[in-house]
Amino acid sequence: MAPPGPGNPGKWERMAFIPRSRYVGDPPPPERNLTPNQFPVYSALASQWAQAGRAVPGLPDREWERLMSAPVWPL
């Protein structure tokens, strides 16, 4: 059997562990202070969902709060 190496493609080569602190990541994206009113499509959809009684992202879910406030086992 041939020793593992670049000339022997069927074998694994040992890789050194590189600590996470050595990785250089991308810089964080710039903060954007956007409100829902800046997106007319989302605002219209969110208002339609609210009028229909549906859950809207970013707002409290009344049905979930009601379910979580009830006891787990009926008495």
# chains A, B, ... in the order shown; residues from 1 in each chain; ligands from 1
call {"tool": "residues_around", "arguments": {"residues": "Ala46 of chain A", "least_positions_apart": "2", "cutoff": "12 Å", "atoms": "only C-alpha atoms", "output": "PyMOL selection string"}}
result
chain A and resi 36-37+39-44+48-59
